[in-house]
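For reference, the structure is listed below as structure tokens.
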There are 2 protein chains.
Amino acid sequence: MRKLAILLLALFAMPALSDEGMWLLNDPPRDRLKAQYGFDLTDAWLEHARLASVRFNNGGSGSFVSANGLLITNHHIAADALQKLSTAERDLFRDGFYAKTLADELKCPDLELNVLMSIEDVTAKVNAAVKPDMKPAEAFAARRAVMSAVEKESLEETGLRSDVVTLYKGGAYHLYRYKKYTDVRLVMAPEERIAAFGRDVDNFEFPRFGLDVAFFRAYEDGRPAVVKHWFKFSPEGAKEGDLVFVTGHPGTTNRLETIDKLKHRRDATLPFNLARVRAMEAALIQYGERGPENKRRAIADLHEYANGRKALAGQYQGLLNPEVLNEKARLEAALIASVADTPASEPLTNAHDTAVRRIAEVQKVYAEFEKPYNLIENATAFPSVLFTIARDIVRLTAEVGKPNGERLREYRDSNLESLKFELFSPAPIYADLERTKLLTGLTFLAEQLGGEHPLVKQAYGGQSPARKADELLATKLFDPAERKRLVDGGVKAVEESADPMIVFAREMDGSARDLRKRYETEVEEPERQAYAELANVRFAVLGKSVPPDATFTLRLAYGVVKGYEAEGQQVPFATTFGGLYDRAEAQQHKEPFELPERWKTGKARLDLATPYDFVSTADTIGGNSGSPILNRAGEFVGINFDRNRFGLVRNFVYTDVQARHISVHSRGILEALRKLYDCPGLVKELTESE
Amino acid sequence: MRKLAILLLALFAMPALSDEGMWLLNDPPRDRLKAQYGFDLTDAWLEHARLASVRFNNGGSGSFVSANGLLITNHHIAADALQKLSTAERDLFRDGFYAKTLADELKCPDLELNVLMSIEDVTAKVNAAVKPDMKPAEAFAARRAVMSAVEKESLEETGLRSDVVTLYKGGAYHLYRYKKYTDVRLVMAPEERIAAFGRDVDNFEFPRFGLDVAFFRAYEDGRPAVVKHWFKFSPEGAKEGDLVFVTGHPGTTNRLETIDKLKHRRDATLPFNLARVRAMEAALIQYGERGPENKRRAIADLHEYANGRKALAGQYQGLLNPEVLNEKARLEAALIASVADTPASEPLTNAHDTAVRRIAEVQKVYAEFEKPYNLIENATAFPSVLFTIARDIVRLTAEVGKPNGERLREYRDSNLESLKFELFSPAPIYADLERTKLLTGLTFLAEQLGGEHPLVKQAYGGQSPARKADELLATKLFDPAERKRLVDGGVKAVEESADPMIVFAREMDGSARDLRKRYETEVEEPERQAYAELANVRFAVLGKSVPPDATFTLRLAYGVVKGYEAEGQQVPFATTFGGLYDRAEAQQHKEPFELPERWKTGKARLDLATPYDFVSTADTIGGNSGSPILNRAGEFVGINFDRNRFGLVRNFVYTDVQARHISVHSRGILEALRKLYDCPGLVKELTESE
């Protein structure tokens with residue numbers, strides 16, 4: 001045991017002293033925080049942080065910053081709502097917005113927010129439903145059934161949104177209960193030009209100069225939500241060397257994946273997705289360049305694909321870097337070595353090796369149908385919201401006729417309210433933009449599978465993709481009332497519908513479901529079982545000292561506010577407004593470095609030394625966008641909005657040598673709001689709320 | 001025979017009455033022109049057109065427009081030279097240029113022009129060298145040897161650049177002799193903004209508003225070349241309904257390819273190239289956005305990739321359109337049917353079927369190594385001019401030690417002068433731009449082949465692609481003197497060189513040559529033999545009434561100046577300057593629709609009704625850029641610069657329903673030069689030369 005202890009020390013001494021970790025709120029790193037920073041993480045601190053943190057269901061994070069339900073998130077997380085609230089005449093995304101009074105606040109058509117109320121470990125219950133002698137398909141069905149049952153029971157008991165979350169890729173199951181807000185209104189947003197200053201050029205870069213913030217307000221029963229837990233907005237903000245916390249919703253990491261899985265990502269999944277995102281981005285750029293209104297319609301999509309392209313490219317470069325895979329190999333070897341030193345080493349070692357081998361085998365199977373699965377079932381070949389709507393209508397009406405536990409997961413009872421909220425959204429849909437996306441997707445389908453592939457032939461129906469896209473765009477699903485009519489009419493209405501998009505979704509559904517079934521039984525279930533084995537090995541040796549990979553659920557990360565060295569230069573921990581003007585000047589004020597008018601004319605009013613954007617070592621990933629940055633006192637000192645490029649490998653390994661996440665400084669936010677934006681009410685609420 | 005005649009009539013009646021055809025100058029469509037347009041194509045007309053037409057060896061066409069060697073081409077063909085003549089301080093590409101005196105004309109670092117002096121049919125000579133019992137590798141070597149010998153002999157005899165051109169993909173071999181100009185000087189170019197007004201948005205579109213012209217002058221012995229044949233610049237220009245001619249250098253068409261070959265293009269070649277071009281374009285966009293000087297450095301490359309992406313996408317959509325492949329199938333079936341009706345039908349039918357089958361088989365073989373071949377031997381994985389230079393040095397030094405007939409084609413004696421002219425070019429090379437391109441290519445290599453592929457491992461040498469790119473960029477090949485030192489030092493100097501790019505080119509050369517060998521013997525030679533069979537079948541039935549696919553050699557096309565209908569609207573044959581200002585206004589003068597200053601301030605001076613860009617039905621393709629448009633009198637009435645999007649399928653089928661090529665009108669050119677550009681000398685030379 002002493003030898004083990006030494007090994008463990010050697011192995012995990014570094015990580016133990018690093019700021020790695022997106023920690024579960026019900027398994028927080030109290031000991032590490034105490035040891036590393038002398039910080040006592042109390043239950044009260046944690047509860048407050050949990051209840052004041054908010055998930056933006058379109059893929060980001062945010063937090064309450066006043067007792068009256070005022071929320072802050074990133075402009076790029078607000079982008080979807082800003083876009084949907086805009087018209088050709090009033091471009092809120094581009095020009096910004098401020099509601100002087102509550103009455104001026106604009107209700108978002110389909111924005112749902114979640115606040116995490118409780119976590120319950122249901123691992124035993126879930127695992128009990130799956131018997132060892134079950135075939136993969138049976139095991140998958142049994143697990144799905146028990147998860148849906150647990151969720152439904154919880155929803156009926158508590159009235160709270162209830163999701164069973166798979167942790168450690170199958171090593172644990174926790175039930176997350178959320179309070180939902182679906183009446184969310186826009187309060188304030190700056191101009192996109194300053195929010196995303198430097199746009200794609202500066203994305204994933206630091207030094208940085210973005211005011212990537214926006215404010216919303218949660219409403220209940222038509223009135224501003226009165227919340228007990230909200231973050232006090234710190235007028236001083238983060239200082240160099242400060243210990244800071246991030247409470248947000250990291251989307252996906254792959255740190256506990258085996259090397260074979262990562263190689264599969266490198267050689268199949270990532271190249272496919274890079275090609276897909278490049279095709280979509282190129283098409284959207286061209287669409288947008290055709291005129292200002294096109295640009296307005298496409299811009300939020302465009303930013304998302306550009307961001308995705310850069311993130312995926314960073315991941316891909318990470319996996320092409322031998323140092324990253326070597327580091328993974330070192331960690332895996334060390335784990336095996338430490339297992340070998342435990343009393344029950346043989347069964348553990350065998351279980352580990354079997355699981356690793358099994359996962360390697362699964363990748364070979366997956367490679368055979370990953371592209372069709374991704375294109376048809378994940379619908380990347382049909383990247384139009386109109387197809388998403390059509391498929392949801394076709395499937396929803398069919399699935400609700402089945403027992404809850406037997407449905408495709410997304411149509412389980414406990415999820416229907418959120419699903420319908422999105423399905424019946426009155427947000428505008430632009431036919432020409434959808435056509436561009438759909439044609440690009442249909443074309444990409446053939447690019448990936450070849451023109452003779454049965455799925456391509458099925459999708460094209462004997463026509464050119466351009467004609468097919470035209471045909472499908474004659475759909476009436478632009479109108480939420482038509483969607484509702486079909487859903488209310490059930491299977492019969494759907495079967496009788498001659499709407500081209502409904503017909504198409506119906507025709508493709510058999511192939512799509514076959515691919516999904518294959519994925520579930522040949523990839524998802526075997527991987528889940530193998531990773532559960534790996535998790536057990538890990539638990540046996542390390543306990544829960546390694547947190548699970550990210551799952552777009554609330555996590556706590558922590559780190560230190562500090563600069564770093566890059567290309568022989570010391571990069572300070574924060575930028576200033578002065579730096580913003582310098583950069584605009586150096587770039588001759590050309591797009592994407594052109595400042596909004598109020599920033600040009602208001603320069604003299606600003607204290608140019610004010611901290612603007614800053615970095616810390618805390619462990620974040622996509623989904624953390626909009627996460628509050630908290631100091632020891634639990635005050636809001638900034639808002640996370642990005643990582644630097646060195647942080648792009650954090651999907652696979654944590655590093656803090658140069659990798660940093662990037663936040664807007666609370667002092668910078670206040671300075672800008674006070675001096676440049678005529679929003680005294682907002683400033684008062686942020687600084688004087690009690 | 002009557003039945004045959006009827007069949008032929010049914011089959012080729014339509015094409016016979018259409019304006020299809022990129023005709024050989026030694027086999028011109030006299031009968032068709034006479035029948036369709038009552039035009040007598042005389043030898044004198046043809047000789048004059050041939051000798052006044054010029055090939056721009058960087059991939060375009062042009063023509064002499066004065067007796068003193070004045071040349072006109074497209075701005076986008078001049079782009080390469082403009083870019084190379086520019087610096088951070090003086091951006092000729094962006095701002096334009098005019099040389100008031102001969103002394104002000106700027107010598108291009110590496111622009112070679114060719115004027116076609118004669119064509120000789122050497123088919124019998126080439127075919128005689130290849131014996132029926134030769135294996136593919138032997139046949140390939142024998143043909144290469146005889147071609148190089150013919151070229152060398154011709155060069156020695158005539159002093160003219162001599163190229164044996166393969167026509168009908170192996171059905172005929174003609175020897176083309178060119179007069180070369182390598183002292184070419186820039187005379188005048190407008191601003192890129194007006195030359196490429198609307199840029200990527202309007203590329204391959206009509207109505208169109210680009211002044212896509214530039215002027216050069218050919219020099220001999222340090223003095224302006226005195227040329228006997230040049231086109232008189234028509235002040236009236238083309239009128240609606242006019243018969244017009246295009247004498248230029250169409251690059252590549254695929255009209256005589258079999259359906260299996262086209263399907264291979266659809267399912268392998270085009271998706272690969274689309275992915276490659278998208279990756280490069282995305283990388284260059286990002287590089288360019290980092291600042292104005294980056295933009296300047298990248299812009300010519302960027303336009304080229306954007307243009308390529310749009311052209312490839314158009315081809316791909318063409319092959320995904322069942323109507324296009326159905327039309328090809330109809331033509332193939334009709335050919336077989338007409339063969340069946342000839343006296344010697346059986347051997348011809350058998351030869352046809354065997355050839356078609358053989359080509360189908362070749363595609364399967366090619367699919368096995370097309371990606372590595374394209375990436376490594378065609379060097380699309382190493383898209384840096386520094387790699388091209390390094391490889392040329394490595395190969396040139398090795399190849400010149402072999403007999404002329406045994407060398408890789410590009411190092412045959414008759415080609416060495418042109419090759420060295422390019423290799424020792426003093427044009428500037430920007431390290432950061434080359435790094436971006438190289439890193440993108442190295443990454444694309446792994447995307448396509450996977451991280452474990454031996455060629456990827458060989459190229460990366462155990463490093464990340466980013467590190468590898470950094471390593472290679474330490475090369476000294478930026479300096480032409482270093483290149484010359486290595487070439488002069490021969491194999492020994494190359495072998496001793498520790499220059500990282502030379503070392504890399506050396507290391508990759510074995511694999512690259514293996515792939516080339518495989519391509520030559522398993523694809524090129526069998527295809528060539530099969531297409532020769534097909535050509536013979538075609539000749540037997542149709543004679544030479546179907547011209548060969550394009551080969552970047554001089555061709556004659558003809559057509560009528562006329563508009564067309566699109567989306568229910570009649571599109572007039574020409575745009576006007578008034579239309580230009582309207583479009584700029586509608587696009588709020590935003591990039592890429594911002595007019596140069598002189599166009600904004602000079603509007604009142606222009607006759608806004610002047611014809612600007614116009615369309616005709618003549619048959620063109622990429623490579624025709626810069627081709628003169630001639631009227632019956634052989635006068636210059638415009639300059640071709642693009643096709644509309646309906647013309648993008650012309651790689652595979654000719655259509656004139658909506659498909660048009662686009663030209664700048666000679667009257668529009670004169671109006672702009674006279675009213676907006678202070679270049680009286682140029683106008684005088686254009687209008688008063690005798």
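Convention: chains lettered A, B, ... in structure tokens order; per-chain residue numbering from 1; ligands numbered from 1 as shown.
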Distance table requested - chain B against chain A, cut-off 9 Å, only C-alpha atoms: one row per qualifying residue with the closest atom pair and its distance in Å to one decimal, ordered by chain and rising residue number, as CSV.
```
residue,atom,partner,partner_atom,distance
B:Gly198,CA,A:Arg290,CA,8.8
B:Asp200,CA,A:Gln286,CA,7.5
B:Val201,CA,A:Arg290,CA,5.9
B:Asp202,CA,A:Arg290,CA,8.4
B:Lys263,CA,A:Gly451,CA,7.8
B:Arg266,CA,A:Gly451,CA,7.1
B:Asp267,CA,A:Gly450,CA,4.7
B:Ala268,CA,A:Gly450,CA,7.6
B:Leu270,CA,A:Glu447,CA,8.2
B:Pro271,CA,A:Glu447,CA,5.1
B:Phe272,CA,A:Glu447,CA,8.3
B:Leu274,CA,A:Glu447,CA,8.8
B:Ala275,CA,A:Ala275,CA,6.5
B:Arg278,CA,A:Arg278,CA,6.5
B:Ala279,CA,A:Arg278,CA,7.0
B:Glu281,CA,A:Ala282,CA,8.7
B:Ala282,CA,A:Arg278,CA,7.3
B:Gln286,CA,A:Val201,CA,6.4
B:Tyr287,CA,A:Val201,CA,8.3
B:Glu289,CA,A:Val201,CA,6.3
B:Arg290,CA,A:Val201,CA,5.9
B:Gly291,CA,A:Gln587,CA,5.9
B:Pro292,CA,A:Gln587,CA,7.1
B:Tyr316,CA,A:Thr443,CA,8.8
B:Gln317,CA,A:Ser464,CA,7.6
B:Gly318,CA,A:Ser464,CA,8.5
B:Leu319,CA,A:Gly451,CA,8.9
B:Leu320,CA,A:Ser464,CA,5.7
B:Asn321,CA,A:Ser464,CA,4.3
B:Pro322,CA,A:Ser464,CA,6.3
B:Glu323,CA,A:Ser464,CA,8.3
B:Thr443,CA,A:Gln317,CA,7.9
B:Phe444,CA,A:Pro271,CA,8.7
B:Ala446,CA,A:Asp267,CA,7.7
B:Glu447,CA,A:Pro271,CA,5.1
B:Gln448,CA,A:Pro271,CA,7.6
B:Leu449,CA,A:Asp267,CA,7.8
B:Gly450,CA,A:Asp267,CA,4.7
B:Gly451,CA,A:Asp267,CA,6.1
B:Glu452,CA,A:Asp267,CA,8.3
B:Gly462,CA,A:Pro322,CA,7.0
B:Gln463,CA,A:Pro322,CA,6.5
B:Ser464,CA,A:Asn321,CA,4.4
B:Pro465,CA,A:Leu320,CA,7.2
B:Ala466,CA,A:Gln317,CA,8.0
B:Arg467,CA,A:Asn321,CA,8.9
B:Ala586,CA,A:Gly291,CA,8.4
B:Gln587,CA,A:Gly291,CA,5.9
B:Gln588,CA,A:Pro292,CA,8.1
B:Lys590,CA,A:Pro292,CA,8.5
B:Glu591,CA,A:Glu289,CA,8.4
B:Pro592,CA,A:Glu289,CA,7.9
```
Restricting the output to N, CA and C atoms, write the selected residues as a compact mmCIF listing (two decimals), in the first residue's frame.
```txt
# COMPACT_ATOMS: atom_id res chain seq x y z
N GLY B 198 -18.14 43.36 -57.04
CA GLY B 198 -19.06 42.28 -56.62
C GLY B 198 -18.35 40.99 -56.27
N ASP B 200 -16.70 37.77 -55.12
CA ASP B 200 -17.21 36.39 -55.04
C ASP B 200 -18.74 36.33 -55.20
N VAL B 201 -19.42 37.38 -54.77
CA VAL B 201 -20.88 37.39 -54.86
C VAL B 201 -21.32 37.35 -56.32
N ASP B 202 -20.69 38.17 -57.15
CA ASP B 202 -21.10 38.27 -58.54
C ASP B 202 -20.32 37.34 -59.47
N LYS B 263 -18.82 9.73 -63.18
CA LYS B 263 -19.27 9.33 -61.84
C LYS B 263 -18.10 9.27 -60.86
N ARG B 266 -17.57 12.71 -59.88
CA ARG B 266 -18.62 13.11 -58.94
C ARG B 266 -18.36 12.55 -57.53
N ASP B 267 -17.96 11.29 -57.47
CA ASP B 267 -17.92 10.64 -56.16
C ASP B 267 -16.56 10.62 -55.51
N ALA B 268 -15.51 10.95 -56.25
CA ALA B 268 -14.17 10.93 -55.65
C ALA B 268 -13.43 12.24 -55.90
N LEU B 270 -14.15 15.27 -57.35
CA LEU B 270 -14.72 16.58 -57.00
C LEU B 270 -14.92 16.76 -55.49
N PRO B 271 -15.48 15.78 -54.77
CA PRO B 271 -15.60 15.98 -53.31
C PRO B 271 -14.24 16.23 -52.65
N PHE B 272 -13.21 15.51 -53.10
CA PHE B 272 -11.88 15.74 -52.56
C PHE B 272 -11.43 17.17 -52.82
N LEU B 274 -13.23 19.81 -53.64
CA LEU B 274 -14.06 20.78 -52.93
C LEU B 274 -13.61 20.93 -51.49
N ALA B 275 -13.36 19.80 -50.85
CA ALA B 275 -12.92 19.84 -49.45
C ALA B 275 -11.59 20.57 -49.33
N ARG B 278 -12.06 24.36 -50.00
CA ARG B 278 -12.72 25.00 -48.86
C ARG B 278 -11.77 25.19 -47.69
N ALA B 279 -10.95 24.17 -47.44
CA ALA B 279 -10.00 24.27 -46.33
C ALA B 279 -9.01 25.40 -46.58
N GLU B 281 -9.39 28.01 -48.63
CA GLU B 281 -10.06 29.31 -48.64
C GLU B 281 -10.33 29.78 -47.22
N ALA B 282 -10.83 28.88 -46.38
CA ALA B 282 -11.12 29.27 -45.00
C ALA B 282 -9.85 29.75 -44.30
N GLN B 286 -9.09 33.68 -42.96
CA GLN B 286 -8.68 34.00 -41.59
C GLN B 286 -7.34 34.71 -41.55
N TYR B 287 -6.41 34.22 -42.36
CA TYR B 287 -5.11 34.89 -42.43
C TYR B 287 -5.30 36.34 -42.85
N GLU B 289 -7.84 38.30 -42.64
CA GLU B 289 -8.58 39.18 -41.73
C GLU B 289 -7.73 39.69 -40.57
N ARG B 290 -6.54 39.13 -40.42
CA ARG B 290 -5.72 39.56 -39.28
C ARG B 290 -5.16 40.96 -39.45
N GLY B 291 -5.27 41.53 -40.64
CA GLY B 291 -4.81 42.90 -40.82
C GLY B 291 -4.67 43.25 -42.28
N PRO B 292 -4.57 44.55 -42.59
CA PRO B 292 -4.55 44.99 -43.99
C PRO B 292 -3.37 44.43 -44.79
N TYR B 316 -19.85 20.18 -59.64
CA TYR B 316 -20.40 19.12 -58.79
C TYR B 316 -21.92 19.10 -58.84
N GLN B 317 -22.52 20.29 -58.75
CA GLN B 317 -23.98 20.36 -58.86
C GLN B 317 -24.42 19.84 -60.23
N GLY B 318 -23.62 20.10 -61.24
CA GLY B 318 -23.93 19.59 -62.58
C GLY B 318 -24.00 18.07 -62.58
N LEU B 319 -23.03 17.44 -61.96
CA LEU B 319 -23.00 15.97 -61.97
C LEU B 319 -24.03 15.37 -61.01
N LEU B 320 -24.49 16.17 -60.04
CA LEU B 320 -25.57 15.67 -59.16
C LEU B 320 -26.93 15.83 -59.82
N ASN B 321 -26.95 16.59 -60.90
CA ASN B 321 -28.21 16.81 -61.60
C ASN B 321 -28.46 15.65 -62.55
N PRO B 322 -29.49 14.85 -62.30
CA PRO B 322 -29.70 13.67 -63.15
C PRO B 322 -29.85 14.03 -64.63
N GLU B 323 -30.33 15.23 -64.93
CA GLU B 323 -30.49 15.60 -66.33
C GLU B 323 -29.16 15.61 -67.09
N THR B 443 -2.31 19.66 -42.56
CA THR B 443 -3.46 19.23 -41.76
C THR B 443 -4.46 18.49 -42.64
N PHE B 444 -4.67 19.02 -43.83
CA PHE B 444 -5.60 18.39 -44.76
C PHE B 444 -5.13 16.97 -45.12
N ALA B 446 -3.72 14.82 -43.15
CA ALA B 446 -4.20 13.91 -42.10
C ALA B 446 -5.72 13.78 -42.15
N GLU B 447 -6.40 14.88 -42.43
CA GLU B 447 -7.87 14.82 -42.53
C GLU B 447 -8.28 13.79 -43.56
N GLN B 448 -7.54 13.72 -44.65
CA GLN B 448 -7.92 12.83 -45.74
C GLN B 448 -7.44 11.40 -45.55
N LEU B 449 -6.26 11.24 -44.98
CA LEU B 449 -5.70 9.89 -44.89
C LEU B 449 -5.76 9.29 -43.49
N GLY B 450 -5.98 10.11 -42.49
CA GLY B 450 -5.97 9.59 -41.11
C GLY B 450 -4.59 9.67 -40.51
N GLY B 451 -4.55 9.84 -39.20
CA GLY B 451 -3.29 10.11 -38.50
C GLY B 451 -2.30 8.96 -38.51
N GLU B 452 -2.77 7.75 -38.78
CA GLU B 452 -1.86 6.60 -38.73
C GLU B 452 -1.29 6.25 -40.10
N GLY B 462 7.05 12.70 -36.89
CA GLY B 462 6.91 12.63 -35.43
C GLY B 462 6.57 13.94 -34.76
N GLN B 463 6.27 14.96 -35.55
CA GLN B 463 5.93 16.26 -34.96
C GLN B 463 4.47 16.61 -35.26
N SER B 464 3.99 17.63 -34.58
CA SER B 464 2.67 18.15 -34.93
C SER B 464 2.82 18.88 -36.26
N PRO B 465 1.74 19.00 -37.03
CA PRO B 465 1.86 19.72 -38.31
C PRO B 465 2.31 21.17 -38.12
N ALA B 466 1.92 21.78 -37.02
CA ALA B 466 2.32 23.17 -36.78
C ALA B 466 3.83 23.27 -36.61
N ARG B 467 4.39 22.34 -35.80
CA ARG B 467 5.85 22.34 -35.62
C ARG B 467 6.56 22.06 -36.93
N ALA B 586 -27.75 49.92 -54.40
CA ALA B 586 -28.61 48.90 -53.78
C ALA B 586 -27.86 48.14 -52.70
N GLN B 587 -26.55 48.02 -52.86
CA GLN B 587 -25.75 47.29 -51.89
C GLN B 587 -25.12 48.24 -50.87
N GLN B 588 -25.65 49.45 -50.82
CA GLN B 588 -25.20 50.46 -49.85
C GLN B 588 -23.68 50.69 -49.92
N LYS B 590 -21.32 48.80 -49.90
CA LYS B 590 -20.51 48.00 -48.97
C LYS B 590 -19.70 46.97 -49.73
N GLU B 591 -18.53 46.63 -49.20
CA GLU B 591 -17.72 45.56 -49.78
C GLU B 591 -18.59 44.34 -50.04
N PRO B 592 -18.45 43.67 -51.16
CA PRO B 592 -17.52 43.94 -52.27
C PRO B 592 -18.13 44.84 -53.37
```
Test item: residues at most 9 Å from stretch 501-511 of chain B, only C-alpha atoms, excluding those fewer than 4 positions along its chain, as a ChimeraX atom specification: /B:376-377,386-395,455,458-459,471-477,494-495,497,515-516
Just the selected residues (N, CA, C and O atoms), exported as a CSV table (one decimal), in the first residue's frame, please.
```csv
chain,number,residue,atom,x,y,z
B,376,ILE,N,0.3,13.9,-52.4
B,376,ILE,CA,1.8,13.8,-52.3
B,376,ILE,C,2.4,14.1,-53.7
B,376,ILE,O,3.3,15.0,-53.7
B,377,GLU,N,2.0,13.5,-54.7
B,377,GLU,CA,2.6,13.7,-56.0
B,377,GLU,C,2.2,15.1,-56.6
B,377,GLU,O,3.0,15.9,-57.1
B,386,LEU,N,7.3,27.4,-51.8
B,386,LEU,CA,8.6,27.0,-51.4
B,386,LEU,C,8.8,25.5,-51.5
B,386,LEU,O,9.9,25.0,-51.8
B,387,PHE,N,7.7,24.8,-51.3
B,387,PHE,CA,7.8,23.3,-51.6
B,387,PHE,C,8.0,23.1,-53.1
B,387,PHE,O,8.8,22.2,-53.5
B,388,THR,N,7.2,23.8,-53.9
B,388,THR,CA,7.2,23.6,-55.4
B,388,THR,C,8.7,23.8,-55.8
B,388,THR,O,9.2,23.1,-56.6
B,389,ILE,N,9.3,24.9,-55.3
B,389,ILE,CA,10.7,25.2,-55.6
B,389,ILE,C,11.6,24.1,-55.2
B,389,ILE,O,12.4,23.7,-56.0
B,390,ALA,N,11.4,23.7,-54.0
B,390,ALA,CA,12.3,22.6,-53.4
B,390,ALA,C,12.2,21.3,-54.3
B,390,ALA,O,13.2,20.7,-54.7
B,391,ARG,N,11.0,21.0,-54.6
B,391,ARG,CA,10.8,19.7,-55.4
B,391,ARG,C,11.4,19.9,-56.8
B,391,ARG,O,12.1,19.0,-57.3
B,392,ASP,N,11.2,21.1,-57.4
B,392,ASP,CA,11.8,21.3,-58.7
B,392,ASP,C,13.3,21.2,-58.7
B,392,ASP,O,13.9,20.7,-59.6
B,393,ILE,N,13.9,21.7,-57.6
B,393,ILE,CA,15.4,21.7,-57.5
B,393,ILE,C,15.8,20.2,-57.3
B,393,ILE,O,16.7,19.8,-58.0
B,394,VAL,N,15.1,19.5,-56.4
B,394,VAL,CA,15.5,18.1,-56.2
B,394,VAL,C,15.4,17.3,-57.5
B,394,VAL,O,16.2,16.5,-57.8
B,395,ARG,N,14.2,17.5,-58.2
B,395,ARG,CA,14.0,16.6,-59.3
B,395,ARG,C,14.8,17.1,-60.6
B,395,ARG,O,15.3,16.2,-61.3
B,455,LEU,N,2.1,7.8,-45.0
B,455,LEU,CA,2.5,9.1,-45.6
B,455,LEU,C,2.3,10.2,-44.7
B,455,LEU,O,3.1,11.2,-44.8
B,458,GLN,N,5.2,10.0,-42.4
B,458,GLN,CA,6.4,10.4,-43.0
B,458,GLN,C,6.5,11.9,-43.2
B,458,GLN,O,7.5,12.5,-42.9
B,459,ALA,N,5.4,12.5,-43.5
B,459,ALA,CA,5.4,14.0,-43.7
B,459,ALA,C,5.6,14.7,-42.4
B,459,ALA,O,6.3,15.7,-42.3
B,471,GLU,N,9.3,24.3,-38.9
B,471,GLU,CA,10.6,23.7,-39.2
B,471,GLU,C,10.9,24.0,-40.7
B,471,GLU,O,12.0,24.5,-41.1
B,472,LEU,N,9.9,23.7,-41.6
B,472,LEU,CA,10.2,23.9,-43.0
B,472,LEU,C,10.3,25.3,-43.4
B,472,LEU,O,11.1,25.6,-44.4
B,473,LEU,N,9.7,26.2,-42.7
B,473,LEU,CA,9.7,27.6,-43.1
B,473,LEU,C,11.1,28.2,-42.7
B,473,LEU,O,11.3,29.4,-43.1
B,474,ALA,N,12.0,27.5,-42.1
B,474,ALA,CA,13.3,28.0,-41.9
B,474,ALA,C,14.2,27.9,-43.2
B,474,ALA,O,15.4,28.1,-43.2
B,475,THR,N,13.6,27.5,-44.2
B,475,THR,CA,14.3,27.3,-45.5
B,475,THR,C,14.9,28.6,-46.0
B,475,THR,O,14.4,29.7,-45.7
B,476,LYS,N,16.0,28.4,-46.8
B,476,LYS,CA,16.6,29.6,-47.4
B,476,LYS,C,16.1,29.8,-48.9
B,476,LYS,O,16.7,30.7,-49.6
B,477,LEU,N,15.2,29.0,-49.3
B,477,LEU,CA,14.7,29.1,-50.7
B,477,LEU,C,13.9,30.3,-51.0
B,477,LEU,O,13.6,30.5,-52.2
B,494,VAL,N,22.5,19.3,-53.8
B,494,VAL,CA,21.1,18.9,-53.3
B,494,VAL,C,21.3,17.9,-52.2
B,494,VAL,O,20.7,18.0,-51.1
B,495,GLU,N,22.1,16.9,-52.4
B,495,GLU,CA,22.2,15.8,-51.4
B,495,GLU,C,22.9,16.3,-50.2
B,495,GLU,O,22.6,15.9,-49.1
B,497,SER,N,22.7,19.4,-49.1
B,497,SER,CA,21.9,20.5,-48.5
B,497,SER,C,21.2,20.1,-47.2
B,497,SER,O,20.7,19.0,-47.1
B,515,LEU,N,4.0,7.0,-56.4
B,515,LEU,CA,2.5,7.2,-56.7
B,515,LEU,C,2.4,7.7,-58.2
B,515,LEU,O,1.4,7.3,-58.8
B,516,ARG,N,3.3,8.5,-58.6
B,516,ARG,CA,3.3,8.9,-60.0
B,516,ARG,C,3.4,7.8,-61.0
B,516,ARG,O,2.7,7.7,-61.9
```
For A:Gln529: contacts at 12 Å, only C-alpha atoms, fewer than 3 positions along chain excluded, given as a PyMOL selection string: chain A and resi 127+130-132+134-136+139-140+143+166+168-172+351-352+354-356+358-359+362+520-526+532-536
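Interatomic distance, atom CA of A:Ser63 against atom CA of A:Ser234: 13.8 Å.
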Near-B:Glu240 list (10 Å; only C-alpha atoms; drop same-chain fewer than 6 positions) as a list in words: Val560, Val561, Lys562, Gly563, Pro572, Phe573, Ala574, Phe614, Val615 and Ser616 of chain B
